[in-house]
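Enquirer: Structure file run_25.pdb (PDB, C-alpha atoms) right here:
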```pdb
ATOM      1  CA  MET A   1      15.250  14.380  17.279
ATOM      2  CA  GLN A   2      14.689  10.990  18.854
ATOM      3  CA  THR A   3      15.463   8.857  15.787
ATOM      4  CA  GLU A   4      18.991  10.331  15.720
ATOM      5  CA  ALA A   5      19.620  10.252  19.481
ATOM      6  CA  VAL A   6      22.127   7.946  21.156
ATOM      7  CA  ASP A   7      20.605   5.402  23.531
ATOM      8  CA  GLU A   8      23.082   4.942  26.360
ATOM      9  CA  ARG A   9      21.906   1.340  26.836
ATOM     10  CA  PHE A  10      23.573   0.347  23.566
ATOM     11  CA  THR A  11      26.798   2.361  23.491
ATOM     12  CA  GLY A  12      28.824  -0.762  24.233
ATOM     13  CA  ILE A  13      27.030  -2.993  21.727
ATOM     14  CA  ASP A  14      30.141  -3.514  19.615
ATOM     15  CA  GLY A  15      31.689  -5.331  22.561
ATOM     16  CA  TRP A  16      28.686  -7.531  23.291
ATOM     17  CA  PRO A  17      28.286 -11.145  22.221
ATOM     18  CA  ILE A  18      26.465 -11.092  18.883
ATOM     19  CA  GLY A  19      23.610 -13.103  20.374
ATOM     20  CA  LYS A  20      22.943 -10.356  22.904
ATOM     21  CA  ALA A  21      23.090  -7.680  20.179
ATOM     22  CA  VAL A  22      20.636  -9.629  18.031
ATOM     23  CA  GLU A  23      18.231  -9.913  20.969
ATOM     24  CA  ALA A  24      18.411  -6.152  21.532
ATOM     25  CA  MET A  25      17.656  -5.480  17.864
ATOM     26  CA  TRP A  26      14.745  -7.925  17.898
ATOM     27  CA  GLU A  27      13.270  -6.175  20.929
ATOM     28  CA  GLY A  28      13.605  -2.896  19.033
ATOM     29  CA  GLN A  29      11.680  -4.320  16.096
ATOM     30  CA  MET A  30       8.840  -5.427  18.371
ATOM     31  CA  ALA A  31       8.738  -1.980  19.961
ATOM     32  CA  ALA A  32       8.602  -0.379  16.507
ATOM     33  CA  VAL A  33       5.450  -2.274  15.576
ATOM     34  CA  ALA A  34       3.863  -1.479  18.947
ATOM     35  CA  ALA A  35       4.478   2.238  18.309
ATOM     36  CA  ILE A  36       1.934   2.128  15.471
ATOM     37  CA  ALA A  37      -1.043   1.384  17.748
ATOM     38  CA  PRO A  38      -1.890   5.027  18.641
ATOM     39  CA  GLU A  39      -2.077   5.879  14.938
ATOM     40  CA  LEU A  40      -4.566   3.215  13.797
ATOM     41  CA  GLY A  41      -7.488   5.643  13.770
ATOM     42  CA  THR A  42      -5.635   8.094  11.543
ATOM     43  CA  ILE A  43      -4.477   5.280   9.255
ATOM     44  CA  SER A  44      -8.115   4.163   8.867
ATOM     45  CA  GLU A  45      -9.322   7.675   8.070
ATOM     46  CA  ALA A  46      -6.512   8.215   5.571
ATOM     47  CA  ALA A  47      -7.264   4.896   3.842
ATOM     48  CA  GLU A  48     -10.961   5.704   3.512
ATOM     49  CA  ALA A  49     -10.229   9.191   2.173
ATOM     50  CA  THR A  50      -7.717   7.769  -0.307
ATOM     51  CA  ALA A  51     -10.174   5.119  -1.522
ATOM     52  CA  ARG A  52     -12.746   7.864  -2.185
ATOM     53  CA  ARG A  53     -10.247   9.762  -4.328
ATOM     54  CA  LEU A  54      -9.229   6.633  -6.189
ATOM     55  CA  ARG A  55     -12.863   5.912  -7.042
ATOM     56  CA  GLU A  56     -12.752   9.211  -8.931
ATOM     57  CA  GLY A  57     -10.004   7.758 -11.114
ATOM     58  CA  GLY A  58      -7.035   9.171  -9.252
ATOM     59  CA  ARG A  59      -3.572   7.780  -8.654
ATOM     60  CA  LEU A  60      -1.770   6.596  -5.560
ATOM     61  CA  ILE A  61       1.604   8.365  -5.439
ATOM     62  CA  TYR A  62       4.454   7.657  -3.021
ATOM     63  CA  ALA A  63       7.106  10.236  -2.109
ATOM     64  CA  GLY A  64      10.309   9.907  -0.122
ATOM     65  CA  ALA A  65      14.082   9.957   0.091
ATOM     66  CA  GLY A  66      16.694   7.391   1.078
ATOM     67  CA  THR A  67      15.465   4.472   3.163
ATOM     68  CA  SER A  68      11.989   5.971   3.462
ATOM     69  CA  GLY A  69      11.718   6.305  -0.315
ATOM     70  CA  ARG A  70      12.818   2.710  -0.835
ATOM     71  CA  VAL A  71      10.301   1.435   1.713
ATOM     72  CA  ALA A  72       7.558   3.432  -0.002
ATOM     73  CA  VAL A  73       8.402   2.062  -3.444
ATOM     74  CA  GLN A  74       8.490  -1.481  -2.070
ATOM     75  CA  ASP A  75       4.926  -1.041  -0.883
ATOM     76  CA  GLY A  76       3.719   0.452  -4.148
ATOM     77  CA  VAL A  77       5.182  -2.125  -6.521
ATOM     78  CA  GLU A  78       3.357  -4.937  -4.706
ATOM     79  CA  LEU A  79      -0.099  -3.467  -5.367
ATOM     80  CA  GLY A  80      -0.152  -4.568  -9.012
ATOM     81  CA  PRO A  81       0.501  -8.302  -8.657
ATOM     82  CA  THR A  82      -1.314  -8.559  -5.318
ATOM     83  CA  PHE A  83      -4.429  -6.511  -5.969
ATOM     84  CA  GLY A  84      -4.372  -5.911  -9.708
ATOM     85  CA  TRP A  85      -3.858  -2.175  -9.188
ATOM     86  CA  PRO A  86      -3.169  -0.602 -12.621
ATOM     87  CA  GLU A  87       0.378   0.607 -13.235
ATOM     88  CA  ASP A  88      -0.888   3.802 -14.854
ATOM     89  CA  ARG A  89      -2.549   4.738 -11.554
ATOM     90  CA  LEU A  90       0.603   4.372  -9.477
ATOM     91  CA  ASP A  91       3.531   6.803  -9.407
ATOM     92  CA  TYR A  92       6.567   7.788  -7.355
ATOM     93  CA  ILE A  93       8.301  11.008  -6.348
ATOM     94  CA  ILE A  94      11.762   9.889  -5.238
ATOM     95  CA  ALA A  95      14.754  12.018  -4.252
ATOM     96  CA  GLY A  96      17.458  11.382  -6.830
ATOM     97  CA  GLY A  97      14.984   9.603  -9.113
ATOM     98  CA  MET A  98      14.468   5.864  -9.381
ATOM     99  CA  ALA A  99      18.246   5.339  -9.617
ATOM    100  CA  ALA A 100      18.375   6.236  -5.908
ATOM    101  CA  LEU A 101      16.616   2.973  -5.077
ATOM    102  CA  SER A 102      19.799   0.989  -5.618
ATOM    103  CA  LYS A 103      22.486   3.524  -4.743
ATOM    104  CA  SER A 104      22.901   6.606  -2.602
ATOM    105  CA  ILE A 105      22.490   9.950  -4.397
ATOM    106  CA  GLU A 106      24.296  12.542  -2.304
ATOM    107  CA  ARG A 107      22.259  15.520  -1.091
ATOM    108  CA  ALA A 108      19.187  14.453  -3.096
ATOM    109  CA  GLU A 109      17.044  14.570   0.035
ATOM    110  CA  ASP A 110      17.837  18.293   0.408
ATOM    111  CA  ASP A 111      16.691  19.176  -3.122
ATOM    112  CA  ALA A 112      13.231  20.658  -2.573
ATOM    113  CA  ALA A 113      13.208  22.128  -6.093
ATOM    114  CA  ALA A 114      13.559  18.637  -7.575
ATOM    115  CA  ALA A 115      10.486  17.480  -5.628
ATOM    116  CA  ILE A 116       8.421  20.378  -6.931
ATOM    117  CA  GLU A 117       9.626  19.615 -10.457
ATOM    118  CA  GLN A 118       8.636  15.933 -10.147
ATOM    119  CA  VAL A 119       5.156  16.880  -8.886
ATOM    120  CA  ALA A 120       4.701  19.164 -11.893
ATOM    121  CA  LYS A 121       6.009  16.534 -14.310
ATOM    122  CA  LEU A 122       3.561  13.939 -12.997
ATOM    123  CA  GLY A 123       0.673  16.349 -13.418
ATOM    124  CA  VAL A 124      -0.628  15.749  -9.890
ATOM    125  CA  MET A 125      -4.344  16.575  -9.636
ATOM    126  CA  PRO A 126      -7.183  16.666  -7.058
ATOM    127  CA  SER A 127      -8.175  13.019  -7.530
ATOM    128  CA  ASP A 128      -4.663  11.852  -6.591
ATOM    129  CA  SER A 129      -3.433  10.827  -3.140
ATOM    130  CA  VAL A 130       0.221  11.442  -2.252
ATOM    131  CA  VAL A 131       1.893   9.567   0.618
ATOM    132  CA  GLY A 132       5.096  11.179   1.890
ATOM    133  CA  VAL A 133       7.428   9.144   4.106
ATOM    134  CA  ALA A 134      10.281  10.611   6.186
ATOM    135  CA  ALA A 135      11.700   9.126   9.383
ATOM    136  CA  SER A 136      13.005  12.473  10.614
ATOM    137  CA  GLY A 137       9.904  14.327   9.482
ATOM    138  CA  ARG A 138      12.069  17.191   8.277
ATOM    139  CA  THR A 139      13.436  15.954   4.924
ATOM    140  CA  PRO A 140      13.236  18.969   2.549
ATOM    141  CA  PHE A 141      12.510  16.847  -0.546
ATOM    142  CA  SER A 142       9.591  14.985   1.023
ATOM    143  CA  ILE A 143       8.093  18.082   2.631
ATOM    144  CA  ALA A 144       8.295  19.990  -0.653
ATOM    145  CA  ALA A 145       6.633  17.095  -2.490
ATOM    146  CA  LEU A 146       3.635  17.132  -0.149
ATOM    147  CA  LYS A 147       3.374  20.921  -0.197
ATOM    148  CA  ALA A 148       3.444  20.996  -4.000
ATOM    149  CA  ALA A 149       0.903  18.157  -4.251
ATOM    150  CA  LYS A 150      -1.393  19.991  -1.858
ATOM    151  CA  THR A 151      -1.351  23.109  -4.037
ATOM    152  CA  LYS A 152      -2.655  20.886  -6.857
ATOM    153  CA  GLY A 153      -5.569  19.794  -4.681
ATOM    154  CA  ALA A 154      -4.282  16.266  -4.026
ATOM    155  CA  LEU A 155      -4.930  14.440  -0.768
ATOM    156  CA  THR A 156      -1.725  14.340   1.274
ATOM    157  CA  ILE A 157      -0.650  11.788   3.877
ATOM    158  CA  ALA A 158       2.548  11.988   5.921
ATOM    159  CA  ILE A 159       4.298   9.116   7.682
ATOM    160  CA  ALA A 160       7.086  10.031  10.110
ATOM    161  CA  ASN A 161       8.832   8.827  13.264
ATOM    162  CA  ASN A 162       9.386  12.102  15.114
ATOM    163  CA  LYS A 163       6.806  14.427  16.629
ATOM    164  CA  PRO A 164       6.517  17.317  16.209
ATOM    165  CA  SER A 165       7.935  17.506  12.697
ATOM    166  CA  ASP A 166       7.406  19.670   9.640
ATOM    167  CA  ILE A 167       6.092  16.964   7.312
ATOM    168  CA  LEU A 168       3.266  16.168   9.734
ATOM    169  CA  LYS A 169       2.193  19.818   9.712
ATOM    170  CA  VAL A 170       1.733  20.025   5.935
ATOM    171  CA  ALA A 171      -0.308  16.843   5.394
ATOM    172  CA  ASP A 172      -4.064  16.292   5.483
ATOM    173  CA  TYR A 173      -3.429  13.121   7.471
ATOM    174  CA  ALA A 174      -0.411  12.903   9.791
ATOM    175  CA  ILE A 175       0.733   9.454  10.928
ATOM    176  CA  CYS A 176       3.605   9.289  13.407
ATOM    177  CA  ALA A 177       5.008   6.115  14.928
ATOM    178  CA  GLN A 178       7.389   7.446  17.568
ATOM    179  CA  THR A 179       9.986   4.686  17.494
ATOM    180  CA  GLY A 180      12.636   6.643  19.418
ATOM    181  CA  SER A 181      16.379   6.105  19.250
ATOM    182  CA  GLU A 182      17.853   3.186  17.345
ATOM    183  CA  VAL A 183      20.062   0.423  18.735
ATOM    184  CA  VAL A 184      22.690   1.746  16.323
ATOM    185  CA  ALA A 185      22.196   5.509  16.614
ATOM    186  CA  GLY A 186      20.717   7.098  13.512
ATOM    187  CA  SER A 187      20.244   3.817  11.630
ATOM    188  CA  THR A 188      16.621   4.513  10.772
ATOM    189  CA  ARG A 189      16.440   1.544   8.411
ATOM    190  CA  MET A 190      15.911  -0.410  11.642
ATOM    191  CA  LYS A 191      13.046   0.548  13.995
ATOM    192  CA  ALA A 192      11.838   3.549  11.996
ATOM    193  CA  GLY A 193      11.973   1.634   8.714
ATOM    194  CA  THR A 194      10.105  -1.320  10.206
ATOM    195  CA  ALA A 195       7.334   0.937  11.503
ATOM    196  CA  GLN A 196       7.079   2.716   8.145
ATOM    197  CA  LYS A 197       6.784  -0.572   6.263
ATOM    198  CA  ALA A 198       4.124  -1.878   8.648
ATOM    199  CA  ILE A 199       2.134   1.365   8.391
ATOM    200  CA  LEU A 200       2.306   1.287   4.595
ATOM    201  CA  ASN A 201       1.296  -2.389   4.516
ATOM    202  CA  ILE A 202      -1.747  -1.665   6.660
ATOM    203  CA  PHE A 203      -2.656   1.565   4.864
ATOM    204  CA  SER A 204      -2.400   0.286   1.292
ATOM    205  CA  THR A 205      -4.166  -2.984   2.085
ATOM    206  CA  ALA A 206      -6.973  -1.024   3.759
ATOM    207  CA  VAL A 207      -7.227   1.138   0.627
ATOM    208  CA  MET A 208      -7.486  -1.968  -1.545
ATOM    209  CA  ILE A 209     -10.169  -3.465   0.728
ATOM    210  CA  ALA A 210     -12.140  -0.218   0.607
ATOM    211  CA  SER A 211     -11.753  -0.237  -3.187
ATOM    212  CA  GLY A 212     -13.396  -3.663  -3.487
ATOM    213  CA  ARG A 213     -10.239  -5.608  -4.334
ATOM    214  CA  VAL A 214     -10.719  -8.092  -1.507
ATOM    215  CA  TYR A 215     -13.723 -10.400  -1.095
ATOM    216  CA  GLU A 216     -14.211 -12.900   1.722
ATOM    217  CA  GLY A 217     -10.612 -12.281   2.745
ATOM    218  CA  LEU A 218      -9.252 -13.212  -0.700
ATOM    219  CA  MET A 219      -7.266 -11.189  -3.275
ATOM    220  CA  VAL A 220      -9.881 -11.369  -6.034
ATOM    221  CA  ASP A 221      -8.081  -8.866  -8.294
ATOM    222  CA  MET A 222      -4.790 -10.773  -8.109
ATOM    223  CA  ILE A 223      -2.887 -10.916 -11.409
ATOM    224  CA  ILE A 224      -2.417 -14.528 -12.517
ATOM    225  CA  SER A 225       1.095 -14.639 -13.948
ATOM    226  CA  ASN A 226       2.302 -18.204 -13.330
ATOM    227  CA  GLU A 227       1.095 -21.752 -12.640
ATOM    228  CA  LYS A 228       1.180 -21.305  -8.866
ATOM    229  CA  LEU A 229      -1.077 -18.262  -9.067
ATOM    230  CA  GLU A 230      -3.348 -19.969 -11.580
ATOM    231  CA  ALA A 231      -3.903 -22.772  -9.069
ATOM    232  CA  ARG A 232      -4.500 -20.229  -6.316
ATOM    233  CA  GLY A 233      -6.968 -18.370  -8.531
ATOM    234  CA  ALA A 234      -8.910 -21.540  -9.311
ATOM    235  CA  SER A 235      -8.996 -22.370  -5.610
ATOM    236  CA  MET A 236     -10.459 -18.918  -4.893
ATOM    237  CA  VAL A 237     -13.138 -19.371  -7.550
ATOM    238  CA  GLY A 238     -14.071 -22.793  -6.199
ATOM    239  CA  ARG A 239     -14.287 -21.521  -2.630
ATOM    240  CA  LEU A 240     -16.292 -18.390  -3.454
ATOM    241  CA  ALA A 241     -18.678 -20.002  -5.934
ATOM    242  CA  GLY A 242     -19.024 -23.292  -4.066
ATOM    243  CA  VAL A 243     -17.985 -25.475  -7.005
ATOM    244  CA  ASP A 244     -15.426 -28.231  -7.480
ATOM    245  CA  ALA A 245     -11.903 -27.720  -8.828
ATOM    246  CA  GLN A 246     -12.769 -28.769 -12.383
ATOM    247  CA  LEU A 247     -15.644 -26.304 -12.706
ATOM    248  CA  ALA A 248     -13.611 -23.556 -11.033
ATOM    249  CA  GLY A 249     -10.723 -24.058 -13.451
ATOM    250  CA  ALA A 250     -13.059 -24.025 -16.453
ATOM    251  CA  ALA A 251     -14.713 -20.823 -15.260
ATOM    252  CA  LEU A 252     -11.346 -19.151 -14.729
ATOM    253  CA  LYS A 253     -10.249 -20.123 -18.231
ATOM    254  CA  GLN A 254     -13.486 -18.815 -19.743
ATOM    255  CA  ALA A 255     -12.993 -15.533 -17.858
ATOM    256  CA  GLY A 256      -9.476 -15.143 -19.253
ATOM    257  CA  GLY A 257      -7.930 -15.389 -15.788
ATOM    258  CA  HIS A 258     -10.185 -12.692 -14.306
ATOM    259  CA  ILE A 259     -11.114 -14.095 -10.894
ATOM    260  CA  LYS A 260     -14.144 -11.891 -10.273
ATOM    261  CA  CYS A 261     -15.705 -12.775 -13.613
ATOM    262  CA  ALA A 262     -14.886 -16.430 -13.048
ATOM    263  CA  VAL A 263     -16.744 -16.479  -9.725
ATOM    264  CA  LEU A 264     -19.897 -15.147 -11.374
ATOM    265  CA  ILE A 265     -19.530 -17.567 -14.303
ATOM    266  CA  ALA A 266     -19.132 -20.476 -11.894
ATOM    267  CA  MET A 267     -22.348 -19.305 -10.234
ATOM    268  CA  GLY A 268     -24.196 -19.491 -13.556
ATOM    269  CA  ALA A 269     -23.648 -16.158 -15.303
ATOM    270  CA  ARG A 270     -22.537 -15.881 -18.924
ATOM    271  CA  LEU A 271     -19.287 -14.013 -19.507
ATOM    272  CA  ASP A 272     -21.048 -10.899 -20.835
ATOM    273  CA  ASP A 273     -23.469 -10.968 -17.887
ATOM    274  CA  ALA A 274     -20.597 -11.277 -15.437
ATOM    275  CA  GLN A 275     -18.751  -8.354 -17.006
ATOM    276  CA  ALA A 276     -21.905  -6.225 -17.001
ATOM    277  CA  LEU A 277     -22.655  -7.059 -13.360
ATOM    278  CA  LEU A 278     -19.192  -6.002 -12.292
ATOM    279  CA  LYS A 279     -19.400  -2.778 -14.282
ATOM    280  CA  GLU A 280     -22.803  -1.953 -12.798
ATOM    281  CA  ASN A 281     -21.472  -2.556  -9.291
ATOM    282  CA  ASN A 282     -18.230  -0.552  -9.448
ATOM    283  CA  ASN A 283     -16.199  -3.745  -9.892
ATOM    284  CA  ILE A 284     -17.059  -4.785  -6.321
ATOM    285  CA  LEU A 285     -17.587  -8.536  -6.319
ATOM    286  CA  ARG A 286     -19.705  -8.666  -3.159
ATOM    287  CA  GLN A 287     -22.238  -6.307  -4.718
ATOM    288  CA  ALA A 288     -22.160  -8.142  -8.045
ATOM    289  CA  VAL A 289     -22.737 -11.517  -6.346
ATOM    290  CA  ASP A 290     -25.638 -10.079  -4.342
ATOM    291  CA  ALA A 291     -27.128  -8.637  -7.539
ATOM    292  CA  TRP A 292     -26.781 -11.986  -9.337
ATOM    293  CA  ARG A 293     -28.419 -13.874  -6.501
ATOM    294  CA  ALA A 294     -31.251 -11.360  -6.318
ATOM    295  CA  ARG A 295     -31.786 -11.667 -10.070
ATOM    296  CA  THR A 296     -31.732 -15.452 -10.226
ATOM    297  CA  GLY A 297     -33.032 -16.383  -6.789
ATOM    298  CA  LYS A 298     -30.393 -19.113  -6.730
ATOM    299  CA  VAL A 299     -27.140 -19.463  -4.878
ATOM    300  CA  ASN A 300     -25.344 -21.541  -7.523
ATOM    301  CA  LYS A 301     -26.077 -22.801 -11.017
ATOM    302  CA  THR A 302     -22.951 -23.286 -13.051
ATOM    303  CA  ASN A 303     -22.698 -22.131 -16.645
ATOM    304  CA  VAL A 304     -19.461 -23.937 -17.558
TER     305      VAL A 304
END
```
Represent the structure contained in this file as structure tokens.

Expert:
Amino acid sequence: MQTEAVDERFTGIDGWPIGKAVEAMWEGQMAAVAAIAPELGTISEAAEATARRLREGGRLIYAGAGTSGRVAVQDGVELGPTFGWPEDRLDYIIAGGMAALSKSIERAEDDAAAAIEQVAKLGVMPSDSVVGVAASGRTPFSIAALKAAKTKGALTIAIANNKPSDILKVADYAICAQTGSEVVAGSTRMKAGTAQKAILNIFSTAVMIASGRVYEGLMVDMIISNEKLEARGASMVGRLAGVDAQLAGAALKQAGGHIKCAVLIAMGARLDDAQALLKENNNILRQAVDAWRARTGKVNKTNV
């Protein structure tokens, strides 16, 4: 298993100048990101398939153990504030439970029965998508989680760093960044963890784009929770609707902080019209804007 192998180039690293060791680790990080390139097609297909399931009302569920589980949770928790993804449509299957995020739970990664129990407790169903992450690709907990989810009809995606590996065999979509041995042998929080995080960043962002939560390169479902984000939201509205800062801010206030509604209001729609347009167009702002322009024959006419 390459992620656990000793690389003879680094066996004397503890005697090197720290600067040289840091350079070696940096080179490893660059190589880890490069290892993702062959998997971009599979990542794209998995993101599109996941977005289709989510449009049916399903959940995005992350599964993993140890470092891989922590990396997976880190990706998931960002989807709410960044893209406005609802908390009730996001779940986790973590070896040792959520307590394992801050401390090591011995032998939790070997407990396949616990994974099956968590899948049952969550009530995993066909509209759900489950992403299992395991550097080794052979973690019993993570493999069992994907197998159990698959029996429920869920879409399954595996992310690993060794090929061949068991977790890749059980998933509908198998993503493997072969990062090889670590500078410090077996320390998969390094190259393997970096590749996993980058894959998850790309995958989940692609899912959000495909779900209509990005428009013109902007996070139009962002949750406005502080003054900084309120200013950013108003800036988005102004840019997308082509209005000045004062009108953008007024539209955002009228929309209750909902950026998509605010864009349509700044373009001339009433609040109820904006809400109806979004509902009719699957909450996809591009489609709603096109529908508004087709209806009015005008690019902009503010209603604030």

Enquirer: Could you tell me which of A:Arg89, A:Lys169, A:Arg286, A:Arg70 comes closest to Gly57 (chain A) if we count only C-alpha atoms?

Expert: A:Arg89

Enquirer: Using CA of Gln196 (chain A) and CA of Ala65 (chain A) as the two end points, give the distance in Å to one decimal.

Expert: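 Interatomic distance here is 12.9 Å.
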
Enquirer: Which polymer residues have any atom within 6 Å of an atom of region 127-141 of chain A, counting all atoms listed in the file, with same-chain residues fewer than 3 positions away left out, as a VMD selection string?

Expert: chain A and resid 50 53 58 to 64 68 109 to 112 115 144 154 to 162 165 to 167

Enquirer: Rounded to one decimal, what separation in Å do you get between CA of Leu90 (chain A) and CA of Val73 (chain A)?

Expert: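 Computing the Euclidean distance for CA of Leu90 (chain A) and CA of Val73 (chain A) yields 10.1 Å.
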
Enquirer: Name every residue that the PyMOL selection byres ((chain A and resi 248-264) around 6) selects in this structure, writing the answer as a ChimeraX atom specification with chains first and numbers rising.

Expert: /A:220,234,237-238,241,245-247,265-267,269,274

Enquirer: Residues within 9 Å of Lys163 (chain A), please, as a list of chain:residue names. Count all atoms listed in the file; anything in the same chain fewer than 4 positions from it doesn't count.

Expert: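 Neighbouring residues, sequence-local ones excluded: A:Met1, A:Gln2, A:Ser136, A:Gly137, A:Leu168, A:Cys176, A:Ala177, A:Gln178.
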
Enquirer: Measuring between all atoms listed in the file, which one of A:Ala210, A:Leu122, A:Leu79, A:Ile93 shows the shortest distance to Leu146 (chain A)?

Expert: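 Comparing A:Ala210, A:Leu122, A:Leu79, A:Ile93 against Leu146 (chain A), the winner is A:Ile93.
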
Enquirer: Write region 257-269 of chain A as a CSV table (one decimal), in the coordinates of the input, completed to N, CA and C atoms.

Expert:
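Just written: part_23.csv:
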```
chain,number,residue,atom,x,y,z
A,257,GLY,N,-8.8,-15.6,-17.0
A,257,GLY,CA,-7.9,-15.4,-15.8
A,257,GLY,C,-8.4,-14.3,-14.8
A,258,HIS,N,-9.6,-13.7,-15.1
A,258,HIS,CA,-10.2,-12.7,-14.3
A,258,HIS,C,-11.0,-13.4,-13.2
A,259,ILE,N,-10.5,-13.3,-12.0
A,259,ILE,CA,-11.1,-14.1,-10.9
A,259,ILE,C,-12.5,-13.7,-10.6
A,260,LYS,N,-12.8,-12.4,-10.6
A,260,LYS,CA,-14.1,-11.9,-10.3
A,260,LYS,C,-15.2,-12.4,-11.3
A,261,CYS,N,-14.8,-12.3,-12.6
A,261,CYS,CA,-15.7,-12.8,-13.6
A,261,CYS,C,-15.9,-14.3,-13.5
A,262,ALA,N,-14.8,-15.0,-13.2
A,262,ALA,CA,-14.9,-16.4,-13.0
A,262,ALA,C,-15.8,-16.9,-11.9
A,263,VAL,N,-15.8,-16.1,-10.8
A,263,VAL,CA,-16.7,-16.5,-9.7
A,263,VAL,C,-18.2,-16.4,-10.2
A,264,LEU,N,-18.5,-15.3,-10.9
A,264,LEU,CA,-19.9,-15.1,-11.4
A,264,LEU,C,-20.3,-16.2,-12.4
A,265,ILE,N,-19.3,-16.5,-13.3
A,265,ILE,CA,-19.5,-17.6,-14.3
A,265,ILE,C,-19.8,-18.9,-13.6
A,266,ALA,N,-19.0,-19.2,-12.6
A,266,ALA,CA,-19.1,-20.5,-11.9
A,266,ALA,C,-20.5,-20.5,-11.2
A,267,MET,N,-21.0,-19.4,-10.9
A,267,MET,CA,-22.3,-19.3,-10.2
A,267,MET,C,-23.5,-19.3,-11.2
A,268,GLY,N,-23.2,-19.3,-12.5
A,268,GLY,CA,-24.2,-19.5,-13.6
A,268,GLY,C,-24.3,-18.4,-14.6
A,269,ALA,N,-23.6,-17.3,-14.4
A,269,ALA,CA,-23.6,-16.2,-15.3
A,269,ALA,C,-22.9,-16.4,-16.6
```
